[in-house]
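See below for the structure under consideration.
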Amino acid sequence: MRLSTQLCCYLTTTLSLTRHVDVESFSPSYHQIPRSLPVLSASSSSDNQASQTQTSSSSPSPLQENVNRLKKVLEREYITFFDPMKTEYYEENVTFQDPMTSLSGVQSYKNNVDMLAGRTFLGSILFNDAGINLHSVTGGEVSSSDKIDDIITRWTLSFQFQAIPWKPTARFSGISVYKVKPTSVAPYVQITAQLDYWDSINITPETGGDYAKVDTTIAIKDFLNQVKPNGFEAASAAPELPYELLRRGNGYEVRRYPPYASIKLPYLRRDEGFGSLGSFTRGMNPLSPAIMEVKNDDTANKYMKWPVSFALPGKEMTIPVEAKEKAGKGQFRTITIDRTPSNVVAVAELPDASMAPVVRFSDRRLRRDLERDGLVPVEGTEDGVRFAQYDAIFSMGKRRGEIWIDLEDHPW
């Protein structure tokens, strides 16, 4: 994803002068895609990999080895935010197109990357704390006729837009499709074009996750909705359980949470549950959110969980000694320690306070959105609802609540 210099200046001026911009004035509509930018199927990479034959021998062809080397170069470029950018792997007249911008020429391409990363004077004024997380690099299979399949990367990008007073953070997730050709001189393959699609606007409804081009006004609206002021928000009850953002979709997010341990309590009233877990964790450092699990069967217990620890990458999860000593004993006899493995969760914001009708409506809506985009919930999750509350129970301001659904079939 790139932002052109002219577009960034325009957006900065618009946001600074119009803090309450009416983003709803844009009228989004899908339009037919020109042949130069085809509809992309989410399954095209794996399908092509399965259908294409490299050579009759068991070892890859020299061309396949060069393409594989290019894929490794792309991995390094994403990890380092294209510093350095290996320009020899890009055609001199390489083209780039994303939902908001288009440009051509390897130097223009590099200049825009450097601007977004804050490595240019204008970029240092506009952006801060830019980062890109690469989830996968697929495709690039070579057929027996030396045709190179598209290389597809899946990523999440974030940056702080510091040129406006409230310094919002914008986040995008999506895929990049790289067109590649063989060359007669080193490095023997080059990227001729890059086409970017955002998960939030480019997934065509009811196609199982296919991507297609949309009108630029939809992209601008999506960007403005992220950076507009949020108003007075309720304070978080505790530091948040960390996660990796895998998708910022249309109406939902997909996150990967690390393995974490929680203290778990059956409850009748939510305020009593907060009081009991608050008393149990006195002197500890619990995390937010509080996670509630409510079955559709009215006779089943409701449960509340507070995360108390999580596993760092490559490390074992440790549970606070105090929690192990107190759980299940005395006044805390109904509190247990619950261990949750790393999982991928679809999350949607609750539009109002987390009362039963709001929670159940949001659960149904999220399930419709997931089906629309070709994502499959874990079997059995439809037997109840799971929702999260981040702020203190009696806090003032805009509350933050979410509906959570574990995913089973997904591209991560």
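To be explicit about the labels: the chains of the structure tokens are called A, B, and onward in the order shown, and within each one the residues are counted from 1, while ligands get numbers from 1 in the order they are shown.
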* Can you pull out every residue within 7 Å of Pro168 (chain A), counting only C-alpha atoms, but drop anything in the same chain fewer than 4 positions away, and send it as a list in words? =>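 The residues satisfying every condition are Gln160, Phe161 and Val227 of chain A.
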Those selected residues, please, written with N, CA and C atoms and delivered as a PDB file, in the first residue's frame.
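File written: part08.pdb
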ATOM      1  N   GLN A 160       1.241   5.832  12.029  1.00  0.00           N
ATOM      2  CA  GLN A 160       0.604   6.961  12.702  1.00  0.00           C
ATOM      3  C   GLN A 160       0.632   8.154  11.771  1.00  0.00           C
ATOM      4  N   PHE A 161      -0.535   8.783  11.582  1.00  0.00           N
ATOM      5  CA  PHE A 161      -0.636   9.973  10.732  1.00  0.00           C
ATOM      6  C   PHE A 161      -0.432  11.182  11.642  1.00  0.00           C
ATOM      7  N   VAL A 227      -9.023   7.805  10.445  1.00  0.00           N
ATOM      8  CA  VAL A 227      -8.237   8.894  11.031  1.00  0.00           C
ATOM      9  C   VAL A 227      -9.085  10.026  11.590  1.00  0.00           C
TER      10      VAL A 227
END
### Task
Using DSSP on the backbone, list every residue of region 167-323 of chain A that comes out as strand (DSSP E or B), and give them as a ChimeraX atom specification.
/A:169-182,189-198,203,211,214,233,236,240,244-248,253-257,260-267,288,290-295,302-310
Could you pull out the helix (DSSP H, G or I) residues of region 180-306 of chain A from DSSP and send them as an NGL selection string?
-> :A and (216-227 or 270-280)
Include N, CA, C and O atoms and write out the residues we just selected as an mmCIF file, in the first residue's frame.
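In the end it all went to result_24.cif:
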data_model
loop_
_atom_site.group_PDB
_atom_site.id
_atom_site.type_symbol
_atom_site.label_atom_id
_atom_site.label_comp_id
_atom_site.auth_asym_id
_atom_site.auth_seq_id
_atom_site.Cartn_x
_atom_site.Cartn_y
_atom_site.Cartn_z
ATOM 1 N N THR A 216 -12.211 4.619 -6.325
ATOM 2 C CA THR A 216 -11.267 5.305 -5.438
ATOM 3 C C THR A 216 -11.962 5.990 -4.268
ATOM 4 O O THR A 216 -11.403 6.072 -3.164
ATOM 5 N N THR A 217 -13.182 6.476 -4.467
ATOM 6 C CA THR A 217 -13.883 7.159 -3.369
ATOM 7 C C THR A 217 -14.134 6.227 -2.191
ATOM 8 O O THR A 217 -14.183 6.671 -1.043
ATOM 9 N N ILE A 218 -14.286 4.930 -2.459
ATOM 10 C CA ILE A 218 -14.480 3.975 -1.374
ATOM 11 C C ILE A 218 -13.212 3.885 -0.538
ATOM 12 O O ILE A 218 -13.259 3.819 0.696
ATOM 13 N N ALA A 219 -12.056 3.883 -1.206
ATOM 14 C CA ALA A 219 -10.778 3.825 -0.497
ATOM 15 C C ALA A 219 -10.558 5.079 0.344
ATOM 16 O O ALA A 219 -10.085 5.013 1.487
ATOM 17 N N ILE A 220 -10.894 6.230 -0.198
ATOM 18 C CA ILE A 220 -10.726 7.482 0.545
ATOM 19 C C ILE A 220 -11.631 7.494 1.774
ATOM 20 O O ILE A 220 -11.214 7.879 2.871
ATOM 21 N N LYS A 221 -12.864 7.043 1.609
ATOM 22 C CA LYS A 221 -13.777 6.966 2.753
ATOM 23 C C LYS A 221 -13.227 6.029 3.827
ATOM 24 O O LYS A 221 -13.266 6.340 5.021
ATOM 25 N N ASP A 222 -12.701 4.888 3.397
ATOM 26 C CA ASP A 222 -12.148 3.920 4.341
ATOM 27 C C ASP A 222 -10.994 4.534 5.122
ATOM 28 O O ASP A 222 -10.882 4.355 6.342
ATOM 29 N N PHE A 223 -10.139 5.274 4.442
ATOM 30 C CA PHE A 223 -9.007 5.925 5.109
ATOM 31 C C PHE A 223 -9.484 7.009 6.067
ATOM 32 O O PHE A 223 -9.032 7.080 7.225
ATOM 33 N N LEU A 224 -10.397 7.862 5.633
ATOM 34 C CA LEU A 224 -10.881 8.950 6.479
ATOM 35 C C LEU A 224 -11.599 8.428 7.724
ATOM 36 O O LEU A 224 -11.499 9.021 8.799
ATOM 37 N N ASN A 225 -12.321 7.332 7.579
ATOM 38 C CA ASN A 225 -13.006 6.754 8.739
ATOM 39 C C ASN A 225 -12.028 6.311 9.817
ATOM 40 O O ASN A 225 -12.363 6.292 11.005
ATOM 41 N N GLN A 226 -10.816 5.954 9.407
ATOM 42 C CA GLN A 226 -9.814 5.524 10.380
ATOM 43 C C GLN A 226 -9.172 6.689 11.121
ATOM 44 O O GLN A 226 -8.792 6.549 12.283
ATOM 45 N N VAL A 227 -9.023 7.805 10.445
ATOM 46 C CA VAL A 227 -8.237 8.894 11.031
ATOM 47 C C VAL A 227 -9.085 10.026 11.590
ATOM 48 O O VAL A 227 -8.545 10.986 12.139
ATOM 49 N N ARG A 270 -23.055 -9.436 36.143
ATOM 50 C CA ARG A 270 -21.723 -9.062 35.684
ATOM 51 C C ARG A 270 -20.973 -8.218 36.700
ATOM 52 O O ARG A 270 -19.758 -8.375 36.877
ATOM 53 N N ASP A 271 -21.671 -7.310 37.402
ATOM 54 C CA ASP A 271 -20.973 -6.478 38.384
ATOM 55 C C ASP A 271 -20.425 -7.328 39.527
ATOM 56 O O ASP A 271 -19.334 -7.052 40.057
ATOM 57 N N GLU A 272 -21.153 -8.404 39.890
ATOM 58 C CA GLU A 272 -20.652 -9.289 40.940
ATOM 59 C C GLU A 272 -19.436 -10.074 40.450
ATOM 60 O O GLU A 272 -18.492 -10.318 41.204
ATOM 61 N N GLY A 273 -19.461 -10.477 39.190
ATOM 62 C CA GLY A 273 -18.305 -11.161 38.620
ATOM 63 C C GLY A 273 -17.077 -10.281 38.616
ATOM 64 O O GLY A 273 -15.970 -10.718 38.977
ATOM 65 N N PHE A 274 -17.243 -9.011 38.215
ATOM 66 C CA PHE A 274 -16.124 -8.070 38.249
ATOM 67 C C PHE A 274 -15.598 -7.905 39.674
ATOM 68 O O PHE A 274 -14.381 -7.852 39.894
ATOM 69 N N GLY A 275 -16.519 -7.824 40.633
ATOM 70 C CA GLY A 275 -16.090 -7.646 42.020
ATOM 71 C C GLY A 275 -15.292 -8.837 42.532
ATOM 72 O O GLY A 275 -14.254 -8.668 43.188
ATOM 73 N N SER A 276 -15.752 -10.053 42.227
ATOM 74 C CA SER A 276 -15.060 -11.257 42.697
ATOM 75 C C SER A 276 -13.686 -11.396 42.053
ATOM 76 O O SER A 276 -12.685 -11.682 42.740
ATOM 77 N N LEU A 277 -13.589 -11.197 40.738
ATOM 78 C CA LEU A 277 -12.298 -11.326 40.067
ATOM 79 C C LEU A 277 -11.364 -10.176 40.447
ATOM 80 O O LEU A 277 -10.140 -10.352 40.534
ATOM 81 N N GLY A 278 -11.942 -9.005 40.702
ATOM 82 C CA GLY A 278 -11.121 -7.890 41.161
ATOM 83 C C GLY A 278 -10.504 -8.177 42.515
ATOM 84 O O GLY A 278 -9.332 -7.859 42.765
ATOM 85 N N SER A 279 -11.284 -8.783 43.416
ATOM 86 C CA SER A 279 -10.761 -9.150 44.727
ATOM 87 C C SER A 279 -9.690 -10.231 44.609
ATOM 88 O O SER A 279 -8.657 -10.183 45.278
ATOM 89 N N PHE A 280 -9.909 -11.207 43.718
ATOM 90 C CA PHE A 280 -8.951 -12.296 43.537
ATOM 91 C C PHE A 280 -7.616 -11.777 43.010
ATOM 92 O O PHE A 280 -6.548 -12.250 43.422
#
Counting only C-alpha atoms, what is within 7 Å of region 285-293 of chain A, bar same-chain residues fewer than 5 positions away, as a PyMOL selection string? chain A and resi 237-241+302-308+385-390
With N, CA and C atoms retained, write the just-selected residues as a PDB file, in the first residue's frame.
ATOM      1  N   ALA A 237      -9.587  -0.728  31.476  1.00  0.00           N
ATOM      2  CA  ALA A 237      -9.473  -1.229  32.844  1.00  0.00           C
ATOM      3  C   ALA A 237      -8.081  -1.741  33.158  1.00  0.00           C
ATOM      4  N   ALA A 238      -7.322  -2.160  32.133  1.00  0.00           N
ATOM      5  CA  ALA A 238      -5.993  -2.738  32.349  1.00  0.00           C
ATOM      6  C   ALA A 238      -5.271  -2.767  31.013  1.00  0.00           C
ATOM      7  N   PRO A 239      -3.956  -3.023  31.025  1.00  0.00           N
ATOM      8  CA  PRO A 239      -3.242  -3.199  29.753  1.00  0.00           C
ATOM      9  C   PRO A 239      -3.893  -4.315  28.940  1.00  0.00           C
ATOM     10  N   GLU A 240      -3.843  -4.167  27.621  1.00  0.00           N
ATOM     11  CA  GLU A 240      -4.565  -5.099  26.757  1.00  0.00           C
ATOM     12  C   GLU A 240      -3.740  -6.343  26.424  1.00  0.00           C
ATOM     13  N   LEU A 241      -4.410  -7.486  26.370  1.00  0.00           N
ATOM     14  CA  LEU A 241      -3.784  -8.718  25.907  1.00  0.00           C
ATOM     15  C   LEU A 241      -3.284  -8.499  24.483  1.00  0.00           C
ATOM     16  N   LYS A 302     -23.133 -18.913  33.123  1.00  0.00           N
ATOM     17  CA  LYS A 302     -22.391 -17.881  32.403  1.00  0.00           C
ATOM     18  C   LYS A 302     -21.004 -17.790  33.036  1.00  0.00           C
ATOM     19  N   TYR A 303     -19.997 -17.516  32.213  1.00  0.00           N
ATOM     20  CA  TYR A 303     -18.630 -17.451  32.713  1.00  0.00           C
ATOM     21  C   TYR A 303     -17.959 -16.138  32.330  1.00  0.00           C
ATOM     22  N   MET A 304     -17.110 -15.672  33.243  1.00  0.00           N
ATOM     23  CA  MET A 304     -16.289 -14.488  33.006  1.00  0.00           C
ATOM     24  C   MET A 304     -14.824 -14.883  33.183  1.00  0.00           C
ATOM     25  N   LYS A 305     -13.964 -14.406  32.270  1.00  0.00           N
ATOM     26  CA  LYS A 305     -12.539 -14.700  32.346  1.00  0.00           C
ATOM     27  C   LYS A 305     -11.738 -13.401  32.297  1.00  0.00           C
ATOM     28  N   TRP A 306     -10.686 -13.353  33.122  1.00  0.00           N
ATOM     29  CA  TRP A 306      -9.718 -12.265  33.055  1.00  0.00           C
ATOM     30  C   TRP A 306      -8.350 -12.857  32.713  1.00  0.00           C
ATOM     31  N   PRO A 307      -7.734 -12.439  31.622  1.00  0.00           N
ATOM     32  CA  PRO A 307      -6.372 -12.915  31.338  1.00  0.00           C
ATOM     33  C   PRO A 307      -5.399 -12.420  32.410  1.00  0.00           C
ATOM     34  N   VAL A 308      -4.485 -13.307  32.823  1.00  0.00           N
ATOM     35  CA  VAL A 308      -3.489 -12.928  33.833  1.00  0.00           C
ATOM     36  C   VAL A 308      -2.052 -13.115  33.332  1.00  0.00           C
ATOM     37  N   VAL A 385     -22.655 -17.121  22.862  1.00  0.00           N
ATOM     38  CA  VAL A 385     -21.951 -15.914  22.438  1.00  0.00           C
ATOM     39  C   VAL A 385     -20.761 -15.685  23.368  1.00  0.00           C
ATOM     40  N   ARG A 386     -19.729 -15.069  22.800  1.00  0.00           N
ATOM     41  CA  ARG A 386     -18.561 -14.688  23.600  1.00  0.00           C
ATOM     42  C   ARG A 386     -18.292 -13.222  23.297  1.00  0.00           C
ATOM     43  N   PHE A 387     -18.193 -12.411  24.329  1.00  0.00           N
ATOM     44  CA  PHE A 387     -17.965 -10.984  24.110  1.00  0.00           C
ATOM     45  C   PHE A 387     -16.958 -10.456  25.125  1.00  0.00           C
ATOM     46  N   ALA A 388     -16.358  -9.335  24.785  1.00  0.00           N
ATOM     47  CA  ALA A 388     -15.248  -8.784  25.573  1.00  0.00           C
ATOM     48  C   ALA A 388     -15.560  -7.353  25.968  1.00  0.00           C
ATOM     49  N   GLN A 389     -15.151  -6.984  27.172  1.00  0.00           N
ATOM     50  CA  GLN A 389     -15.305  -5.619  27.670  1.00  0.00           C
ATOM     51  C   GLN A 389     -13.947  -5.125  28.143  1.00  0.00           C
ATOM     52  N   TYR A 390     -13.544  -3.961  27.652  1.00  0.00           N
ATOM     53  CA  TYR A 390     -12.196  -3.446  27.910  1.00  0.00           C
ATOM     54  C   TYR A 390     -12.141  -2.412  29.022  1.00  0.00           C
TER      55      TYR A 390
END
Using only C-alpha atoms, the shortest atom-to-atom distance to Leu157 (chain A) among A:Phe127, A:Phe172, A:Phe310, A:Tyr243 belongs to A:Phe172
